[in-house]
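Colleague: The structure under discussion is supplied below as C-alpha cells; questions concerning it will follow.
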Amino acid sequence: MPANRFNGFTEYGIGIGLRIPHYDHILTRKPVVDWFEIISENFMVDGGRPLRVLDQILDNYRVVQHGVSMYFGSAEPLAREHLRRLKTLARRTKTPWLSDHLCWGSVDGTYTHDLLPMPYTFEAARLTARKIREVRDFVEVPVCVENVSSYAEYHVSEMTEWEFLREVAERADCGILLDVNNIYVSSVNHRFNPMDYVENVPHERVAQIHIAGHSKYRKYILDTHDHPVIDPVWRLYETAIRRCGPTATLLEWDDRIPSFEEVHAEALKANRFLQAIGAASPARQQSAPAEGLLVTP
Amino acid sequence: MARAVLAPLGPGYRMRRHAPSGGSMRRYAASFIKPNDRLTSFERLELYNRQYWFRVLSCFADDFPGLRAVLGEKRFDRLAEAYLAECPSRSFTLRNLGSRLSAWLERNPRFARPHPRMALDMARLEWAQVVAFDGPEETTLQPQDLAEGFDPRMKLRLQPYLSLLAFEYPVDDLVLQVNEQARDEESASNAMSESRKQISARHFRVLKPHPVFLAVHRHDDSVYFRRLEPEAYRLLAALRKGKTITGAVGEAFTDSAMPVGERAETVRDWFELWAALGWFCRPAAGPAAA
C-alpha cells in the first residue's frame, strides 16, 4: 500500500471498523485483520470497559482513529476538551493518522451529531483549513478529511464538492479519506457523475479509502452503512486505486451488523481490485484459510 | 440551518411548517437550500431534521429503558422530546445525552405523571449506570494499604465512577426486571414481547414506595448496584463530602437504631468490603490529606 506523509508513511491493507458485536469474536479468536478503525469518540472516555477492550485490541492489532464530531466546518472554535481527549487517545493507540469529516454539525456548543454539508465557498474552505491545521498541530498526528454523503446543496456554493475538497486539502496541506460510497450517494442525490469526482480529487493526498453500503429510497439514497457494497461503488473504488495507488481501505458497517466473518469477507472483496493493480492485502493470504474468508475474485 | 435541524418534529414525525424564527419553513428552506428534480428545499431540509430526532431519540431510549418502562411508551416519548428540545447535546459524545435529565425532571415533574418521584429515581439510577460504565477511575487504595495506614483522621476519597443514591422507590428491582425482560425479548417473538411490555408496565405502576439506599459502581468492567444500610449510605456520603473517617462515622450513626455494641464491627466489615470493591482512592498526600 502506498505510504505518504498523510498516512504516516504506513502501508496498511484492508481493515474493518471495530464494532461492539464483534468484540467477543475478535478477542477470543484473534482473526488476522490488517487493521481496525475505531470511532475516536467511543474511546475518548475516562475509564471502564471501552478502554480495557481497546488495550486488548492494541495488543494484537494496528488501530487507526476516525472521528465523527470534530466538525472542521463549524464556525465556532475547536473545543479544547475534545482536542485534549483526542490527543490522549492518539498517544494510546499510536494511530499513524487520524480522520474526521468535511462537514459542520455544532453551533454555540450544541451538537447535532450529524454530518451536515458545507457551503462550497472559498471563505468556508479558508476557515475549515485553518481548523484542520489546528487539530494537526495540537494532536501532532497527520489529519485526513473525509467527504460526506449529503442530501442538500446550498445556493451560495461557488464550486463543486470535489473542487471544495481540493481547496480545503491544499490550504490545510492535509490528507484525504476518500469515501467512494459517499461519492456515489451524493452523486445520485445531486445528479452528478461520480467518476468526475474520483478523477478530480488530488490523488496524491488520498491516504485512506472508505467503502460501505447504503439504503435506496424512491427519491434519494441514505448513507446507512447497513448493506454490502454495491457494484457501482466497487467500480468507483477500482478507479480510485488505479489513480491513487493501492491505498489503505476500510469497510464501514454500522447498522444491522452481520457476523464478523461476513463483514471481513465483504471488506476482503477489495482484494480483487488490488490484485488487478498488483497489490493485495496480506490478510488475504494469512486469514482466509483459517477463517474461511476467501472471496473468489 | 442548525435551528431548523434541531427544531422538534411535528405530527407524524414530519418537519414543522413554521420556521423557528417565524414565517414559513418552506420559504426559509428555499432561501438557502437548492431543490432538485425529486425533492423540494423543504424536503431536503426535512431529511436532516428527521434524522437528527430519530438519532437522539433512539440513543436516549437506549440509555433509559427503565424510565421507559415506568412511564410507558407514549409518556416516555413525550418526555424524551420535551427534554431533548430543552436540553440538546452539549457534548461531542452522545454518551452525555442524559446528563441533565434528573435536574430537568425535578423542574418538570408534569412529564413524569402520575409517578414523578419514581421516574426521577429511575432516571438517576440509569444515569449513574452510565457514569459507572466508563467514568474516571483513580488509583485504588488497596485493602492492605488501608489496614496498614489507617488513621481515623484520614479523609478517604471515593472513586469518581461510584454514585451514592437515596430513592423513595425500589427502582433497582425494576431495572433488574427490565434487563431480564430485554434478555427474554432477544429470543422471543414480537407478539410475545408486546404482551410482556404490557405486563411490565402494569407491574411498575403498582410499585409501592420504599426507601432504598444504593451504591452504583463497577467491578471488573461490569456495572453493578448494591443496596446499603442507611448508616452505610450516610457514612459514604459524608466521606464524599470530605469528612474525616471519625466525622463520617459520627454522622452515619446520628439517630441510628443500630445497637451501639454492634457498630464498631459493622463499620469494620463495611470498610473491608468497600476496600475490596475498590471504592476508595489513594489520598492525594499524607494521612490527613483531603
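Just so we're on the same page: first chain in the C-alpha cells is A, next is B, and so on; residues restart at 1 for each chain, and ligands are numbered from 1 in the order they show up.
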If you count only C-alpha atoms, which residues fall within 9 Å of A:Ala125, apart from same-chain ones fewer than 3 positions away, as a ChimeraX atom specification?

Modeller: /A:73,119-122,128-130,164-165,167-169,171

Colleague: Excluding A:Asp137 and any residue of its chain fewer than 5 positions from it, enumerate the residues within 12 Å of it, using only C-alpha atoms, and give them as a JSON list (two decimals) with N, CA and C atoms, in the first residue's frame.

Modeller:
```
[["chain", "number", "residue", "atom", "x", "y", "z"],
["A", 83, "LEU", "N", -10.12, 18.28, 21.92],
["A", 83, "LEU", "CA", -8.76, 18.11, 21.40],
["A", 83, "LEU", "C", -7.86, 17.38, 22.40],
["A", 87, "LYS", "N", -6.04, 13.82, 21.70],
["A", 87, "LYS", "CA", -4.59, 13.65, 21.75],
["A", 87, "LYS", "C", -4.21, 12.52, 22.73],
["A", 130, "ARG", "N", -8.05, 26.17, 8.27],
["A", 130, "ARG", "CA", -7.37, 26.66, 9.47],
["A", 130, "ARG", "C", -7.62, 25.72, 10.65],
["A", 131, "LYS", "N", -8.85, 25.25, 10.78],
["A", 131, "LYS", "CA", -9.16, 24.35, 11.91],
["A", 131, "LYS", "C", -8.49, 22.99, 11.75],
["A", 132, "ILE", "N", -8.39, 22.52, 10.53],
["A", 132, "ILE", "CA", -7.71, 21.23, 10.31],
["A", 132, "ILE", "C", -6.24, 21.36, 10.73],
["A", 142, "PRO", "N", -0.80, 13.25, 11.54],
["A", 142, "PRO", "CA", -1.39, 13.68, 10.28],
["A", 142, "PRO", "C", -2.91, 13.56, 10.29],
["A", 143, "VAL", "N", -3.57, 14.55, 9.70],
["A", 143, "VAL", "CA", -5.03, 14.58, 9.70],
["A", 143, "VAL", "C", -5.54, 14.42, 8.27],
["A", 172, "ALA", "N", -5.04, 23.37, 3.80],
["A", 172, "ALA", "CA", -4.65, 22.79, 5.10],
["A", 172, "ALA", "C", -3.40, 21.94, 4.97],
["A", 173, "ASP", "N", -3.02, 21.63, 3.74],
["A", 173, "ASP", "CA", -1.95, 20.67, 3.47],
["A", 173, "ASP", "C", -2.20, 19.38, 4.26],
["A", 174, "CYS", "N", -3.41, 18.86, 4.08],
["A", 174, "CYS", "CA", -3.78, 17.64, 4.81],
["A", 174, "CYS", "C", -4.09, 16.52, 3.82]]
```

Colleague: Among stretch 42-285 of chain B, which ones does DSSP place in strand (DSSP E), written as a list in words?

Modeller: Arg157, Leu158, Ser163, Leu164, Leu165, Ala166, Phe167, Val212, Phe213, Leu214, Ala215, Val216, His217, Arg218, His219, Ser222, Val223, Tyr224, Phe225, Arg226, Arg227, Leu228, Phe280 and Cys281 of chain B

Colleague: Given the selection you just returned, output its residues as a file containing N, CA and C atoms, formatted as an mmCIF file, in the first residue's frame.

Modeller:
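Done, and the output landed in selection_0.cif:
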```cif
data_model
loop_
_atom_site.group_PDB
_atom_site.id
_atom_site.type_symbol
_atom_site.label_atom_id
_atom_site.label_comp_id
_atom_site.auth_asym_id
_atom_site.auth_seq_id
_atom_site.Cartn_x
_atom_site.Cartn_y
_atom_site.Cartn_z
ATOM 1 N N ARG B 157 -11.073 9.342 49.891
ATOM 2 C CA ARG B 157 -11.809 9.768 48.703
ATOM 3 C C ARG B 157 -12.427 8.551 48.032
ATOM 4 N N LEU B 158 -13.584 8.772 47.416
ATOM 5 C CA LEU B 158 -14.283 7.670 46.741
ATOM 6 C C LEU B 158 -14.054 7.740 45.237
ATOM 7 N N SER B 163 -21.544 6.104 42.386
ATOM 8 C CA SER B 163 -22.646 7.023 42.720
ATOM 9 C C SER B 163 -23.372 6.504 43.953
ATOM 10 N N LEU B 164 -23.718 7.414 44.843
ATOM 11 C CA LEU B 164 -24.484 7.083 46.043
ATOM 12 C C LEU B 164 -25.871 7.693 45.893
ATOM 13 N N LEU B 165 -26.886 6.860 45.984
ATOM 14 C CA LEU B 165 -28.230 7.331 45.659
ATOM 15 C C LEU B 165 -29.219 6.947 46.756
ATOM 16 N N ALA B 166 -30.115 7.874 47.077
ATOM 17 C CA ALA B 166 -31.194 7.608 48.035
ATOM 18 C C ALA B 166 -32.514 7.722 47.285
ATOM 19 N N PHE B 167 -33.287 6.641 47.291
ATOM 20 C CA PHE B 167 -34.520 6.590 46.498
ATOM 21 C C PHE B 167 -35.756 6.472 47.384
ATOM 22 N N VAL B 212 -34.828 3.292 49.628
ATOM 23 C CA VAL B 212 -33.701 2.426 49.246
ATOM 24 C C VAL B 212 -32.455 3.290 49.127
ATOM 25 N N PHE B 213 -31.352 2.781 49.662
ATOM 26 C CA PHE B 213 -30.051 3.459 49.524
ATOM 27 C C PHE B 213 -29.166 2.563 48.668
ATOM 28 N N LEU B 214 -28.538 3.174 47.679
ATOM 29 C CA LEU B 214 -27.869 2.357 46.664
ATOM 30 C C LEU B 214 -26.499 2.924 46.325
ATOM 31 N N ALA B 215 -25.556 2.022 46.092
ATOM 32 C CA ALA B 215 -24.270 2.402 45.501
ATOM 33 C C ALA B 215 -24.230 1.792 44.105
ATOM 34 N N VAL B 216 -23.963 2.622 43.102
ATOM 35 C CA VAL B 216 -23.818 2.120 41.728
ATOM 36 C C VAL B 216 -22.336 2.197 41.395
ATOM 37 N N HIS B 217 -21.754 1.088 41.025
ATOM 38 C CA HIS B 217 -20.302 1.035 40.849
ATOM 39 C C HIS B 217 -19.940 0.065 39.729
ATOM 40 N N ARG B 218 -18.655 -0.086 39.486
ATOM 41 C CA ARG B 218 -18.240 -1.103 38.520
ATOM 42 C C ARG B 218 -17.153 -1.968 39.156
ATOM 43 N N HIS B 219 -17.106 -3.190 38.680
ATOM 44 C CA HIS B 219 -16.106 -4.129 39.173
ATOM 45 C C HIS B 219 -15.762 -5.031 38.005
ATOM 46 N N SER B 222 -17.655 -4.392 34.797
ATOM 47 C CA SER B 222 -19.104 -4.566 34.717
ATOM 48 C C SER B 222 -19.775 -3.653 35.733
ATOM 49 N N VAL B 223 -20.961 -3.166 35.380
ATOM 50 C CA VAL B 223 -21.683 -2.236 36.252
ATOM 51 C C VAL B 223 -22.574 -3.025 37.214
ATOM 52 N N TYR B 224 -22.531 -2.645 38.465
ATOM 53 C CA TYR B 224 -23.354 -3.286 39.493
ATOM 54 C C TYR B 224 -24.023 -2.208 40.335
ATOM 55 N N PHE B 225 -25.126 -2.586 41.009
ATOM 56 C CA PHE B 225 -25.586 -1.734 42.100
ATOM 57 C C PHE B 225 -25.802 -2.575 43.336
ATOM 58 N N ARG B 226 -25.601 -1.921 44.458
ATOM 59 C CA ARG B 226 -25.582 -2.632 45.722
ATOM 60 C C ARG B 226 -26.375 -1.829 46.745
ATOM 61 N N ARG B 227 -27.328 -2.486 47.409
ATOM 62 C CA ARG B 227 -28.100 -1.775 48.429
ATOM 63 C C ARG B 227 -27.240 -1.553 49.674
ATOM 64 N N LEU B 228 -27.452 -0.423 50.307
ATOM 65 C CA LEU B 228 -26.698 -0.060 51.501
ATOM 66 C C LEU B 228 -27.657 0.146 52.676
ATOM 67 N N PHE B 280 -12.349 2.992 47.355
ATOM 68 C CA PHE B 280 -11.541 4.075 47.917
ATOM 69 C C PHE B 280 -10.373 4.404 46.996
ATOM 70 N N CYS B 281 -10.081 5.702 46.924
ATOM 71 C CA CYS B 281 -8.920 6.142 46.136
ATOM 72 C C CYS B 281 -7.789 6.484 47.088
#
```

Colleague: Name the residues in contact with B:Phe271 at a cut-off of 10 Å, using only C-alpha atoms, excluding same-chain residues fewer than 4 positions from it; report them as a ChimeraX atom specification.

Modeller: /B:143,146-147,232,236,265-267,275-277,279-280

Colleague: With N, CA and C atoms kept, could you save the residues just selected as a PDB file, in the first residue's frame?

Modeller:
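Contents of the output file result-v2.pdb:
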```pdb
ATOM      1  N   PRO B 143      -6.888  -2.876  50.111  1.00  0.00           N
ATOM      2  CA  PRO B 143      -7.271  -3.175  51.494  1.00  0.00           C
ATOM      3  C   PRO B 143      -6.072  -3.179  52.447  1.00  0.00           C
ATOM      4  N   LEU B 146      -5.036   0.296  53.285  1.00  0.00           N
ATOM      5  CA  LEU B 146      -5.961   0.909  54.228  1.00  0.00           C
ATOM      6  C   LEU B 146      -5.692   0.393  55.640  1.00  0.00           C
ATOM      7  N   ALA B 147      -5.457  -0.914  55.744  1.00  0.00           N
ATOM      8  CA  ALA B 147      -5.222  -1.509  57.071  1.00  0.00           C
ATOM      9  C   ALA B 147      -3.926  -0.975  57.682  1.00  0.00           C
ATOM     10  N   ALA B 232     -24.714   3.111  56.389  1.00  0.00           N
ATOM     11  CA  ALA B 232     -23.600   2.965  55.448  1.00  0.00           C
ATOM     12  C   ALA B 232     -23.673   4.047  54.369  1.00  0.00           C
ATOM     13  N   LEU B 236     -20.734   6.872  53.732  1.00  0.00           N
ATOM     14  CA  LEU B 236     -20.074   7.086  52.437  1.00  0.00           C
ATOM     15  C   LEU B 236     -20.332   8.506  51.918  1.00  0.00           C
ATOM     16  N   GLU B 265     -17.912  -3.284  64.862  1.00  0.00           N
ATOM     17  CA  GLU B 265     -17.676  -4.433  63.988  1.00  0.00           C
ATOM     18  C   GLU B 265     -18.341  -4.226  62.626  1.00  0.00           C
ATOM     19  N   THR B 266     -19.518  -3.633  62.678  1.00  0.00           N
ATOM     20  CA  THR B 266     -20.230  -3.369  61.410  1.00  0.00           C
ATOM     21  C   THR B 266     -19.424  -2.423  60.529  1.00  0.00           C
ATOM     22  N   VAL B 267     -18.908  -1.359  61.125  1.00  0.00           N
ATOM     23  CA  VAL B 267     -18.128  -0.387  60.353  1.00  0.00           C
ATOM     24  C   VAL B 267     -16.875  -1.052  59.784  1.00  0.00           C
ATOM     25  N   ALA B 275     -13.315  -1.522  50.533  1.00  0.00           N
ATOM     26  CA  ALA B 275     -11.923  -1.506  50.049  1.00  0.00           C
ATOM     27  C   ALA B 275     -11.702  -2.634  49.046  1.00  0.00           C
ATOM     28  N   ALA B 276     -12.287  -3.808  49.331  1.00  0.00           N
ATOM     29  CA  ALA B 276     -12.139  -4.937  48.418  1.00  0.00           C
ATOM     30  C   ALA B 276     -12.796  -4.645  47.070  1.00  0.00           C
ATOM     31  N   LEU B 277     -13.868  -3.858  47.101  1.00  0.00           N
ATOM     32  CA  LEU B 277     -14.556  -3.494  45.854  1.00  0.00           C
ATOM     33  C   LEU B 277     -13.843  -2.353  45.125  1.00  0.00           C
ATOM     34  N   TRP B 279     -13.545   0.855  46.110  1.00  0.00           N
ATOM     35  CA  TRP B 279     -14.275   2.122  46.130  1.00  0.00           C
ATOM     36  C   TRP B 279     -13.424   3.287  46.637  1.00  0.00           C
ATOM     37  N   PHE B 280     -12.349   2.992  47.355  1.00  0.00           N
ATOM     38  CA  PHE B 280     -11.541   4.075  47.917  1.00  0.00           C
ATOM     39  C   PHE B 280     -10.373   4.404  46.996  1.00  0.00           C
TER      40      PHE B 280
END
```

Colleague: In Å, how far is it from atom CA of A:Arg166 to atom CA of A:Asn182?

Modeller: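 It comes out at 16.1 Å.
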
Colleague: Could you list, as a ChimeraX atom specification, the residues of chain B having an atom within 8 Å of chain A when counting only C-alpha atoms?

Modeller: /B:2,5-6,31-34,36,38-39,41,44-45,47-48,52,88-94,132-137,218,221-222
